[in-house]
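For reference, work.txt (compact mmCIF, C-alpha atoms and all ligand atoms):
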# COMPACT_ATOMS: atom_id res chain seq x y z
CA MET A 1 -50.12 -24.73 -21.15
CA LEU A 2 -47.28 -24.02 -18.74
CA ALA A 3 -44.61 -21.64 -20.06
CA ARG A 4 -42.06 -23.79 -18.26
CA PRO A 5 -42.17 -27.54 -17.86
CA GLY A 6 -41.89 -27.62 -14.04
CA LEU A 7 -39.53 -29.69 -11.93
CA PRO A 8 -38.79 -33.26 -13.03
CA ARG A 9 -38.91 -36.14 -10.53
CA PHE A 10 -35.83 -36.60 -8.35
CA ASP A 11 -34.76 -38.25 -5.11
CA TYR A 12 -33.88 -36.05 -2.15
CA VAL A 13 -31.11 -37.04 0.28
CA ARG A 14 -30.44 -35.05 3.41
CA ALA A 15 -26.76 -35.75 4.07
CA GLU A 16 -25.51 -36.05 7.65
CA THR A 17 -21.76 -36.21 6.99
CA ALA A 18 -19.36 -34.91 4.34
CA ASP A 19 -18.08 -38.47 3.75
CA GLU A 20 -21.61 -39.61 2.94
CA VAL A 21 -21.84 -36.86 0.27
CA VAL A 22 -18.45 -37.76 -1.20
CA ARG A 23 -19.46 -41.42 -1.38
CA LEU A 24 -22.73 -40.56 -3.11
CA LEU A 25 -20.98 -38.29 -5.61
CA GLN A 26 -18.42 -41.01 -6.34
CA GLU A 27 -21.08 -43.67 -6.79
CA ARG A 28 -23.64 -41.65 -8.78
CA GLY A 29 -21.39 -39.24 -10.72
CA GLU A 30 -23.34 -36.68 -12.80
CA ALA A 31 -26.64 -38.18 -11.61
CA ALA A 32 -26.13 -36.69 -8.13
CA ARG A 33 -25.88 -32.96 -7.36
CA PRO A 34 -25.16 -31.28 -4.02
CA PHE A 35 -27.26 -28.24 -3.18
CA MET A 36 -27.85 -25.74 -0.38
CA GLY A 37 -30.38 -22.96 -1.03
CA GLY A 38 -31.41 -24.45 -4.36
CA THR A 39 -31.98 -21.00 -5.91
CA ASP A 40 -29.70 -21.84 -8.82
CA LEU A 41 -30.04 -25.62 -8.91
CA PHE A 42 -33.81 -25.91 -9.05
CA VAL A 43 -34.14 -23.15 -11.65
CA ARG A 44 -31.74 -25.03 -13.91
CA MET A 45 -33.57 -28.31 -13.28
CA ARG A 46 -36.93 -26.68 -14.00
CA ASP A 47 -35.54 -25.23 -17.23
CA GLY A 48 -34.26 -28.65 -18.30
CA VAL A 49 -30.60 -27.58 -18.33
CA ILE A 50 -29.54 -30.29 -15.88
CA HIS A 51 -31.21 -33.58 -14.97
CA PRO A 52 -29.89 -34.98 -11.67
CA GLN A 53 -31.66 -38.06 -10.36
CA VAL A 54 -30.57 -37.36 -6.78
CA VAL A 55 -30.21 -33.98 -5.10
CA VAL A 56 -28.03 -34.09 -2.00
CA ASP A 57 -28.88 -31.47 0.61
CA VAL A 58 -25.57 -30.52 2.21
CA LYS A 59 -26.68 -27.55 4.32
CA TYR A 60 -27.12 -29.69 7.45
CA LEU A 61 -23.52 -30.96 7.49
CA PRO A 62 -21.77 -30.16 10.80
CA GLY A 63 -20.20 -26.67 10.75
CA ILE A 64 -21.32 -25.73 7.23
CA ARG A 65 -23.57 -22.95 8.55
CA ASP A 66 -21.04 -21.48 10.99
CA VAL A 67 -19.30 -18.10 10.82
CA VAL A 68 -16.05 -18.03 12.81
CA TYR A 69 -13.88 -14.94 13.26
CA ASP A 70 -10.41 -15.11 14.76
CA ALA A 71 -8.30 -11.97 15.28
CA GLN A 72 -5.21 -13.86 14.02
CA ALA A 73 -6.57 -16.27 11.41
CA GLY A 74 -9.36 -14.17 9.92
CA LEU A 75 -12.85 -15.20 8.91
CA THR A 76 -14.28 -18.59 7.98
CA VAL A 77 -17.75 -18.56 6.51
CA GLY A 78 -19.45 -21.95 6.15
CA ALA A 79 -20.53 -22.60 2.56
CA ALA A 80 -24.22 -22.82 3.55
CA VAL A 81 -24.36 -19.48 5.38
CA THR A 82 -27.08 -17.43 3.69
CA MET A 83 -26.57 -14.03 2.13
CA ASN A 84 -28.70 -12.34 4.81
CA GLU A 85 -26.65 -14.03 7.55
CA VAL A 86 -23.39 -12.89 5.90
CA ALA A 87 -24.70 -9.35 5.44
CA ARG A 88 -25.77 -9.04 9.08
CA HIS A 89 -23.14 -11.00 10.98
CA PRO A 90 -21.46 -8.58 13.45
CA ASP A 91 -17.93 -9.87 12.68
CA VAL A 92 -18.47 -9.63 8.93
CA VAL A 93 -19.92 -6.12 9.24
CA ALA A 94 -17.10 -5.00 11.58
CA HIS A 95 -14.09 -6.52 9.77
CA TYR A 96 -15.24 -7.38 6.23
CA PRO A 97 -17.87 -4.73 5.36
CA LEU A 98 -17.14 -5.20 1.65
CA LEU A 99 -18.30 -8.83 1.88
CA ALA A 100 -21.43 -7.75 3.77
CA GLU A 101 -22.17 -5.14 1.10
CA ALA A 102 -21.73 -7.68 -1.70
CA ALA A 103 -23.94 -10.28 0.01
CA ASN A 104 -26.59 -7.65 0.59
CA SER A 105 -26.64 -6.77 -3.12
CA VAL A 106 -27.86 -10.22 -4.14
CA ALA A 107 -31.44 -10.28 -5.43
CA SER A 108 -34.17 -9.58 -2.85
CA TYR A 109 -34.49 -10.05 0.92
CA GLN A 110 -36.57 -13.21 0.42
CA LEU A 111 -34.03 -14.76 -1.93
CA ARG A 112 -31.14 -13.82 0.38
CA ASN A 113 -32.79 -15.92 3.09
CA ARG A 114 -32.20 -19.03 0.90
CA ALA A 115 -29.23 -18.15 -1.31
CA THR A 116 -25.89 -19.10 0.21
CA LEU A 117 -22.38 -17.74 -0.16
CA GLY A 118 -21.01 -21.15 -1.15
CA GLY A 119 -23.79 -21.73 -3.69
CA ASN A 120 -23.09 -18.38 -5.30
CA LEU A 121 -19.41 -19.27 -5.77
CA CYS A 122 -20.00 -22.93 -6.76
CA ASN A 123 -22.52 -21.88 -9.40
CA ALA A 124 -19.65 -19.92 -10.98
CA SER A 125 -21.82 -17.48 -12.87
CA PRO A 126 -19.70 -14.64 -14.26
CA ALA A 127 -22.34 -12.41 -12.60
CA ALA A 128 -21.97 -13.89 -9.08
CA ASP A 129 -22.14 -10.86 -6.81
CA THR A 130 -19.99 -12.24 -3.99
CA ALA A 131 -17.19 -13.29 -6.36
CA PRO A 132 -15.52 -9.87 -6.84
CA ALA A 133 -15.43 -9.27 -3.06
CA THR A 134 -14.08 -12.79 -2.48
CA LEU A 135 -11.39 -12.18 -5.11
CA VAL A 136 -10.20 -8.85 -3.70
CA LEU A 137 -10.34 -10.08 -0.08
CA GLU A 138 -8.10 -12.96 -1.23
CA GLY A 139 -10.62 -15.57 -0.11
CA ARG A 140 -9.79 -19.26 -0.29
CA ILE A 141 -12.34 -21.91 -1.14
CA VAL A 142 -12.28 -24.92 1.19
CA LEU A 143 -13.07 -28.21 -0.58
CA TYR A 144 -13.67 -31.65 0.91
CA GLY A 145 -13.36 -34.77 -1.21
CA PRO A 146 -12.03 -38.33 -1.41
CA ASP A 147 -8.52 -37.14 -0.45
CA GLY A 148 -9.69 -34.99 2.47
CA GLU A 149 -9.61 -31.20 2.68
CA ARG A 150 -7.82 -28.76 0.39
CA GLU A 151 -7.95 -25.02 -0.24
CA VAL A 152 -8.02 -23.24 -3.57
CA PRO A 153 -7.45 -19.47 -3.85
CA ALA A 154 -10.52 -17.74 -5.30
CA THR A 155 -8.33 -16.45 -8.14
CA GLU A 156 -7.86 -20.09 -9.27
CA PHE A 157 -11.36 -21.37 -8.51
CA PHE A 158 -13.35 -19.98 -11.46
CA LEU A 159 -12.49 -21.70 -14.74
CA GLY A 160 -15.39 -20.67 -16.99
CA PRO A 161 -19.16 -20.07 -16.87
CA GLY A 162 -20.43 -22.77 -14.48
CA LYS A 163 -16.97 -24.35 -14.26
CA THR A 164 -14.76 -24.42 -11.18
CA ALA A 165 -11.67 -26.14 -9.84
CA ARG A 166 -13.94 -28.38 -7.74
CA GLY A 167 -13.38 -32.07 -8.43
CA PRO A 168 -16.39 -34.26 -9.36
CA ALA A 169 -16.64 -35.85 -5.90
CA GLU A 170 -15.72 -32.72 -3.92
CA ILE A 171 -17.95 -30.29 -2.09
CA VAL A 172 -17.25 -26.78 -0.91
CA THR A 173 -17.50 -26.61 2.88
CA ALA A 174 -16.34 -23.05 3.63
CA ILE A 175 -14.68 -19.89 2.40
CA ARG A 176 -11.71 -18.54 4.37
CA TYR A 177 -10.80 -14.86 4.30
CA PRO A 178 -7.45 -13.70 5.71
CA LEU A 179 -7.35 -10.68 8.00
CA PRO A 180 -7.71 -7.54 5.91
CA PRO A 181 -4.60 -5.30 5.87
CA LYS A 182 -4.59 -2.47 8.45
CA GLY A 183 -6.57 0.59 7.43
CA ALA A 184 -8.27 -1.12 4.49
CA ALA A 185 -11.48 0.14 2.90
CA GLY A 186 -13.72 -1.37 0.23
CA ARG A 187 -16.86 -0.83 -1.85
CA TYR A 188 -19.00 -3.07 -4.05
CA LEU A 189 -20.87 -1.26 -6.78
CA LYS A 190 -23.49 -3.18 -8.71
CA LEU A 191 -25.42 -2.10 -11.73
CA GLY A 192 -28.55 -4.14 -12.51
CA ARG A 193 -31.61 -3.46 -14.62
CA ASN A 194 -33.50 -2.64 -11.44
CA LYS A 195 -32.61 -2.04 -7.81
CA VAL A 196 -33.68 -5.43 -6.43
CA GLY A 197 -33.90 -8.94 -7.71
CA ASP A 198 -31.73 -8.82 -10.79
CA LEU A 199 -28.36 -10.19 -11.78
CA SER A 200 -25.69 -7.60 -12.34
CA ILE A 201 -24.97 -5.98 -15.69
CA VAL A 202 -21.64 -5.06 -14.13
CA GLY A 203 -20.31 -5.57 -10.60
CA VAL A 204 -17.14 -3.90 -9.35
CA ALA A 205 -15.43 -4.44 -6.00
CA VAL A 206 -12.69 -1.97 -5.06
CA PHE A 207 -10.49 -2.62 -2.04
CA GLY A 208 -7.59 -0.38 -0.97
CA PHE A 209 -5.10 -0.08 1.87
CA PRO A 210 -1.88 1.75 2.78
CA ASP A 211 1.27 -0.18 1.89
CA GLU A 212 4.76 1.25 2.32
CA THR A 213 6.22 -1.29 -0.11
CA ALA A 214 4.16 0.14 -3.00
CA PRO A 215 5.72 3.15 -4.82
CA SER A 216 2.36 4.98 -4.51
CA GLY A 217 2.11 4.16 -0.79
CA TYR A 218 -1.15 2.28 -1.39
CA ARG A 219 -2.39 -0.88 -2.98
CA PHE A 220 -5.79 -1.31 -4.55
CA ARG A 221 -7.47 -4.50 -5.68
CA ILE A 222 -10.26 -4.48 -8.22
CA GLY A 223 -12.68 -7.38 -8.81
CA LEU A 224 -15.08 -7.47 -11.74
CA ALA A 225 -18.28 -9.46 -12.33
CA SER A 226 -20.44 -9.94 -15.42
CA VAL A 227 -17.83 -8.70 -17.87
CA ALA A 228 -15.85 -11.83 -18.80
CA PRO A 229 -16.36 -15.63 -18.81
CA VAL A 230 -15.27 -15.64 -15.15
CA PRO A 231 -15.23 -13.09 -12.33
CA LEU A 232 -11.73 -11.62 -12.42
CA ARG A 233 -9.17 -9.25 -10.90
CA ALA A 234 -8.23 -6.21 -13.01
CA THR A 235 -4.52 -6.69 -12.35
CA ALA A 236 -3.18 -4.18 -14.91
CA ALA A 237 -5.32 -1.46 -13.32
CA GLU A 238 -4.09 -2.56 -9.88
CA GLU A 239 -0.47 -2.16 -11.11
CA ILE A 240 -1.10 1.44 -12.14
CA LEU A 241 -2.56 2.19 -8.71
CA ALA A 242 0.45 0.68 -6.93
CA GLU A 243 2.90 2.66 -9.08
CA GLU A 244 1.37 6.12 -9.54
CA PRO A 245 0.36 8.71 -6.93
CA PRO A 246 -3.24 8.24 -5.76
CA GLY A 247 -5.67 10.87 -6.98
CA GLU A 248 -8.11 11.68 -9.76
CA GLU A 249 -5.62 11.44 -12.65
CA THR A 250 -4.40 7.98 -11.62
CA PHE A 251 -7.93 6.80 -10.84
CA VAL A 252 -9.16 7.81 -14.32
CA LYS A 253 -6.21 5.98 -15.90
CA ALA A 254 -6.78 2.85 -13.79
CA ALA A 255 -10.52 2.84 -14.51
CA GLU A 256 -9.74 3.01 -18.24
CA GLU A 257 -7.35 0.07 -17.83
CA ALA A 258 -9.96 -1.95 -15.92
CA MET A 259 -12.32 -1.35 -18.84
CA ASN A 260 -9.67 -2.71 -21.23
CA GLU A 261 -9.28 -5.83 -19.08
CA ALA A 262 -13.00 -6.62 -19.39
CA SER A 263 -14.17 -8.83 -22.26
CA PRO A 264 -17.96 -8.81 -21.95
CA ILE A 265 -20.61 -10.19 -24.28
CA ASP A 266 -23.92 -8.80 -25.51
CA ASP A 267 -26.86 -10.45 -23.73
CA VAL A 268 -30.43 -9.72 -22.66
CA ARG A 269 -29.22 -7.53 -19.82
CA ALA A 270 -26.85 -5.20 -21.74
CA SER A 271 -24.55 -4.82 -24.72
CA ALA A 272 -20.84 -5.48 -24.45
CA ALA A 273 -20.09 -1.83 -25.28
CA TYR A 274 -22.34 -0.57 -22.48
CA ARG A 275 -20.82 -3.03 -20.02
CA LYS A 276 -17.32 -1.83 -20.86
CA ALA A 277 -18.31 1.81 -20.35
CA MET A 278 -19.90 0.86 -17.02
CA VAL A 279 -16.75 -0.93 -15.84
CA ARG A 280 -14.89 2.33 -16.32
CA ALA A 281 -17.60 4.40 -14.62
CA LEU A 282 -18.08 2.07 -11.61
CA THR A 283 -14.35 1.49 -11.13
CA LEU A 284 -13.76 5.24 -11.04
CA ARG A 285 -16.66 5.71 -8.63
CA GLY A 286 -15.38 2.86 -6.44
CA LEU A 287 -11.83 4.23 -6.37
CA ARG A 288 -13.06 7.69 -5.38
CA ALA A 289 -15.24 6.23 -2.62
CA VAL A 290 -12.47 4.02 -1.22
CA TRP A 291 -9.93 6.85 -1.43
CA GLU A 292 -12.27 9.11 0.54
CA GLN A 293 -12.20 6.54 3.35
CA LEU A 294 -8.44 5.99 3.11
CA ALA A 295 -7.34 9.58 2.91
C1 LIG B 1 -34.79 -14.64 -8.80
C2 LIG B 1 -33.32 -14.84 -8.64
C3 LIG B 1 -32.51 -13.72 -8.51
C4 LIG B 1 -31.13 -13.88 -8.36
N1 LIG B 1 -30.35 -12.77 -8.22
C5 LIG B 1 -29.02 -12.90 -8.03
C6 LIG B 1 -28.20 -11.74 -7.84
O1 LIG B 1 -28.67 -10.60 -7.79
N2 LIG B 1 -26.86 -11.94 -7.71
C7 LIG B 1 -26.30 -13.18 -7.74
O2 LIG B 1 -25.07 -13.28 -7.61
N3 LIG B 1 -27.06 -14.29 -7.88
C8 LIG B 1 -28.40 -14.18 -8.04
N4 LIG B 1 -29.18 -15.30 -8.20
C9 LIG B 1 -28.53 -16.63 -8.22
C10 LIG B 1 -28.54 -17.40 -6.89
O3 LIG B 1 -29.57 -16.99 -6.04
C11 LIG B 1 -27.20 -17.27 -6.16
O4 LIG B 1 -26.13 -17.70 -6.99
C12 LIG B 1 -27.16 -18.06 -4.83
O5 LIG B 1 -26.17 -17.54 -4.00
C13 LIG B 1 -26.94 -19.55 -5.02
O6 LIG B 1 -26.89 -20.16 -3.73
P1 LIG B 1 -27.74 -21.46 -3.40
O7 LIG B 1 -27.39 -21.88 -2.03
O8 LIG B 1 -29.18 -21.23 -3.67
O9 LIG B 1 -27.11 -22.46 -4.48
P2 LIG B 1 -27.70 -23.86 -4.99
O10 LIG B 1 -28.75 -23.62 -5.99
O11 LIG B 1 -28.02 -24.74 -3.84
O12 LIG B 1 -26.38 -24.43 -5.72
C14 LIG B 1 -25.77 -23.70 -6.77
C15 LIG B 1 -24.79 -24.62 -7.51
O13 LIG B 1 -23.72 -25.00 -6.68
C16 LIG B 1 -23.70 -26.41 -6.48
N5 LIG B 1 -23.48 -26.61 -5.05
C17 LIG B 1 -24.29 -26.21 -4.05
N6 LIG B 1 -23.72 -26.45 -2.87
C18 LIG B 1 -22.52 -26.99 -3.12
C19 LIG B 1 -21.44 -27.42 -2.29
N7 LIG B 1 -21.48 -27.33 -0.95
N8 LIG B 1 -20.34 -27.91 -2.87
C20 LIG B 1 -20.26 -27.99 -4.23
N9 LIG B 1 -21.23 -27.58 -5.06
C21 LIG B 1 -22.35 -27.09 -4.50
C22 LIG B 1 -25.05 -26.93 -6.94
O14 LIG B 1 -24.98 -28.26 -7.43
C23 LIG B 1 -25.41 -25.91 -8.01
O15 LIG B 1 -24.78 -26.26 -9.22
C24 LIG B 1 -30.56 -15.18 -8.36
C25 LIG B 1 -31.39 -16.31 -8.49
C26 LIG B 1 -32.76 -16.15 -8.64
C27 LIG B 1 -33.62 -17.37 -8.76

Structure re-expressed in structure tokens:
Amino acid sequence: MLARPGLPRFDYVRAETADEVVRLLQERGEAARPFMGGTDLFVRMRDGVIHPQVVVDVKYLPGIRDVVYDAQAGLTVGAAVTMNEVARHPDVVAHYPLLAEAANSVASYQLRNRATLGGNLCNASPAADTAPATLVLEGRIVLYGPDGEREVPATEFFLGPGKTARGPAEIVTAIRYPLPPKGAAGRYLKLGRNKVGDLSIVGVAVFGFPDETAPSGYRFRIGLASVAPVPLRATAAEEILAEEPPGEETFVKAAEEAMNEASPIDDVRASAAYRKAMVRALTLRGLRAVWEQLA
């Protein structure tokens, strides 16, 4: 007997235009699901969690696999760009190395050839590895729906496990990242049960840059994954770092605060108590690493 039931029957539609997808989603509602790499969708279908009758392949829509960098506007990554493409794209590596590092931390090389940046964010797992980087880089999610295009800041996109600000007939077409501030540095630190192929127990993105308007002369942004119902910014810790002189004492205090901002659960991967301790440890490690680059 099979341990898992296998995939149910479904219809496959390869969409040619975004309007065609919107129309299908309007007509079929819950019975239709967009997908790109399918590395989340088909697992959930196989496990009987969701039962779409139609899966709509949106990765062939015009422009959805493009990466465009502009020295004024910043970076636009099409939703269907794969993790390996993000991690290796010369403009991402040169100007957004934190995003490249986060994309490269997802699962294994094989999976990264299928898994997309947009799929990772749309799936809205608290453990999504590209979410903390997208939060601290102040990414904006580009949605297309019945009323045309709109943008939602990443900080407002995640509403709960598997829940986003995406409307029922909307699709995500791209993620836009503004130009990083001058002299910025970032690190993504991921703790999993093994080095490849596992979801994070804790993921911490630290991003810092000089800023004369901050009393400390620097601003840091901290993004956390796997330690709350949604990926989140540790804003109280960020406040401490903007106010107090950078260095070990402040970093220890901020890491402690980041730990207090986390509200993890016990699950098969780790206990809540361990996750909290790891938020403190990884935040401190991330701050030290970023500071080394800044100073
Ligand atoms: C073995 C394994 C290991 C994994 N390891 C990791 C890991 O280490 N880190 C990690 O973060 N994730 C991991 N994942 C999860 C998954 O691979 C990632 O979340 C991946 O980035 C999802 O992208 P996708 O293109 O495959 O998404 P899909 O499965 O195609 O879609 C994901 C969800 O988004 C919706 N969707 C897809 N495209 C759109 C769109 N354009 N607009 C609106 N909604 C859309 C789908 O309906 C679905 O609900 C793992 C998965 C597996 C199977």

12 Å contact set for A:Lys182, only C-alpha atoms, chain neighbours under 4 positions out, as a PDB file with C-alpha atoms, keeping the file's coordinate frame:
ATOM      1  CA  HIS A  95     -14.090  -6.520   9.770  1.00  0.00           C
ATOM      2  CA  TYR A  96     -15.240  -7.380   6.230  1.00  0.00           C
ATOM      3  CA  PRO A 178      -7.450 -13.700   5.710  1.00  0.00           C
ATOM      4  CA  GLY A 208      -7.590  -0.380  -0.970  1.00  0.00           C
ATOM      5  CA  PHE A 209      -5.100  -0.080   1.870  1.00  0.00           C
ATOM      6  CA  PRO A 210      -1.880   1.750   2.780  1.00  0.00           C
ATOM      7  CA  ASP A 211       1.270  -0.180   1.890  1.00  0.00           C
ATOM      8  CA  GLU A 212       4.760   1.250   2.320  1.00  0.00           C
ATOM      9  CA  TYR A 218      -1.150   2.280  -1.390  1.00  0.00           C
ATOM     10  CA  ARG A 219      -2.390  -0.880  -2.980  1.00  0.00           C
ATOM     11  CA  LEU A 294      -8.440   5.990   3.110  1.00  0.00           C
TER      12      LEU A 294
END

Using all atoms listed in the file, can you tell me which of A:Leu287, A:Ala94, A:Ala115, A:Leu191 comes closest to ligand LIG 1 (chain B)? A:Ala115

Residue neighbourhood A:Gly162, 10 Å, all atoms listed in the file, exclusion window fewer than 5 positions, as a CSV table (one decimal) with C-alpha atoms, in the coordinates of the input:
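Once written, part_37.csv looks like this:
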chain,number,residue,atom,x,y,z
A,121,LEU,CA,-19.4,-19.3,-5.8
A,122,CYS,CA,-20.0,-22.9,-6.8
A,123,ASN,CA,-22.5,-21.9,-9.4
A,124,ALA,CA,-19.6,-19.9,-11.0
A,125,SER,CA,-21.8,-17.5,-12.9
A,126,PRO,CA,-19.7,-14.6,-14.3
A,229,PRO,CA,-16.4,-15.6,-18.8
A,230,VAL,CA,-15.3,-15.6,-15.2

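Nearest to ligand LIG 1 (chain B) of all the residues A:Thr173, A:Ser271, A:Asn104, A:Thr235 is A:Thr173, counting only C-alpha atoms and all ligand atoms.
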
Which of these residues is nearest to A:Leu284, using all atoms listed in the file: A:Arg187, A:Arg269, A:His51, A:Arg193?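 Checking each candidate against A:Leu284, we get A:Arg187 as the closest.
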
Neighbourhood query: residues within 8 Å of (-14.0, -35.5, -8.5), file coordinates, counting all atoms listed in the file; return as a ChimeraX atom specification. /A:26,145-146,166-170

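With distances restricted to all atoms listed in the file, A:Ile171 is the closest residue to ligand LIG 1 (chain B) from A:Leu111, A:Ile171, A:Val21, A:Ile64.
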
Let me see if you get this right: every residue at most 6 Å from ligand LIG 1 (chain B), counting only C-alpha atoms and all ligand atoms, written as a JSON list (two decimals) with C-alpha atoms, in the coordinates of the input.
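Everything below was put into part34.json:
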[["chain", "number", "residue", "atom", "x", "y", "z"],
["A", 33, "ARG", "CA", -25.88, -32.96, -7.36],
["A", 34, "PRO", "CA", -25.16, -31.28, -4.02],
["A", 35, "PHE", "CA", -27.26, -28.24, -3.18],
["A", 36, "MET", "CA", -27.85, -25.74, -0.38],
["A", 37, "GLY", "CA", -30.38, -22.96, -1.03],
["A", 38, "GLY", "CA", -31.41, -24.45, -4.36],
["A", 39, "THR", "CA", -31.98, -21.00, -5.91],
["A", 40, "ASP", "CA", -29.70, -21.84, -8.82],
["A", 41, "LEU", "CA", -30.04, -25.62, -8.91],
["A", 79, "ALA", "CA", -20.53, -22.60, 2.56],
["A", 106, "VAL", "CA", -27.86, -10.22, -4.14],
["A", 107, "ALA", "CA", -31.44, -10.28, -5.43],
["A", 114, "ARG", "CA", -32.20, -19.03, 0.90],
["A", 115, "ALA", "CA", -29.23, -18.15, -1.31],
["A", 116, "THR", "CA", -25.89, -19.10, 0.21],
["A", 117, "LEU", "CA", -22.38, -17.74, -0.16],
["A", 119, "GLY", "CA", -23.79, -21.73, -3.69],
["A", 120, "ASN", "CA", -23.09, -18.38, -5.30],
["A", 122, "CYS", "CA", -20.00, -22.93, -6.76],
["A", 123, "ASN", "CA", -22.52, -21.88, -9.40],
["A", 127, "ALA", "CA", -22.34, -12.41, -12.60],
["A", 128, "ALA", "CA", -21.97, -13.89, -9.08],
["A", 129, "ASP", "CA", -22.14, -10.86, -6.81],
["A", 171, "ILE", "CA", -17.95, -30.29, -2.09],
["A", 172, "VAL", "CA", -17.25, -26.78, -0.91],
["A", 173, "THR", "CA", -17.50, -26.61, 2.88],
["A", 197, "GLY", "CA", -33.90, -8.94, -7.71],
["A", 198, "ASP", "CA", -31.73, -8.82, -10.79],
["A", 199, "LEU", "CA", -28.36, -10.19, -11.78]]
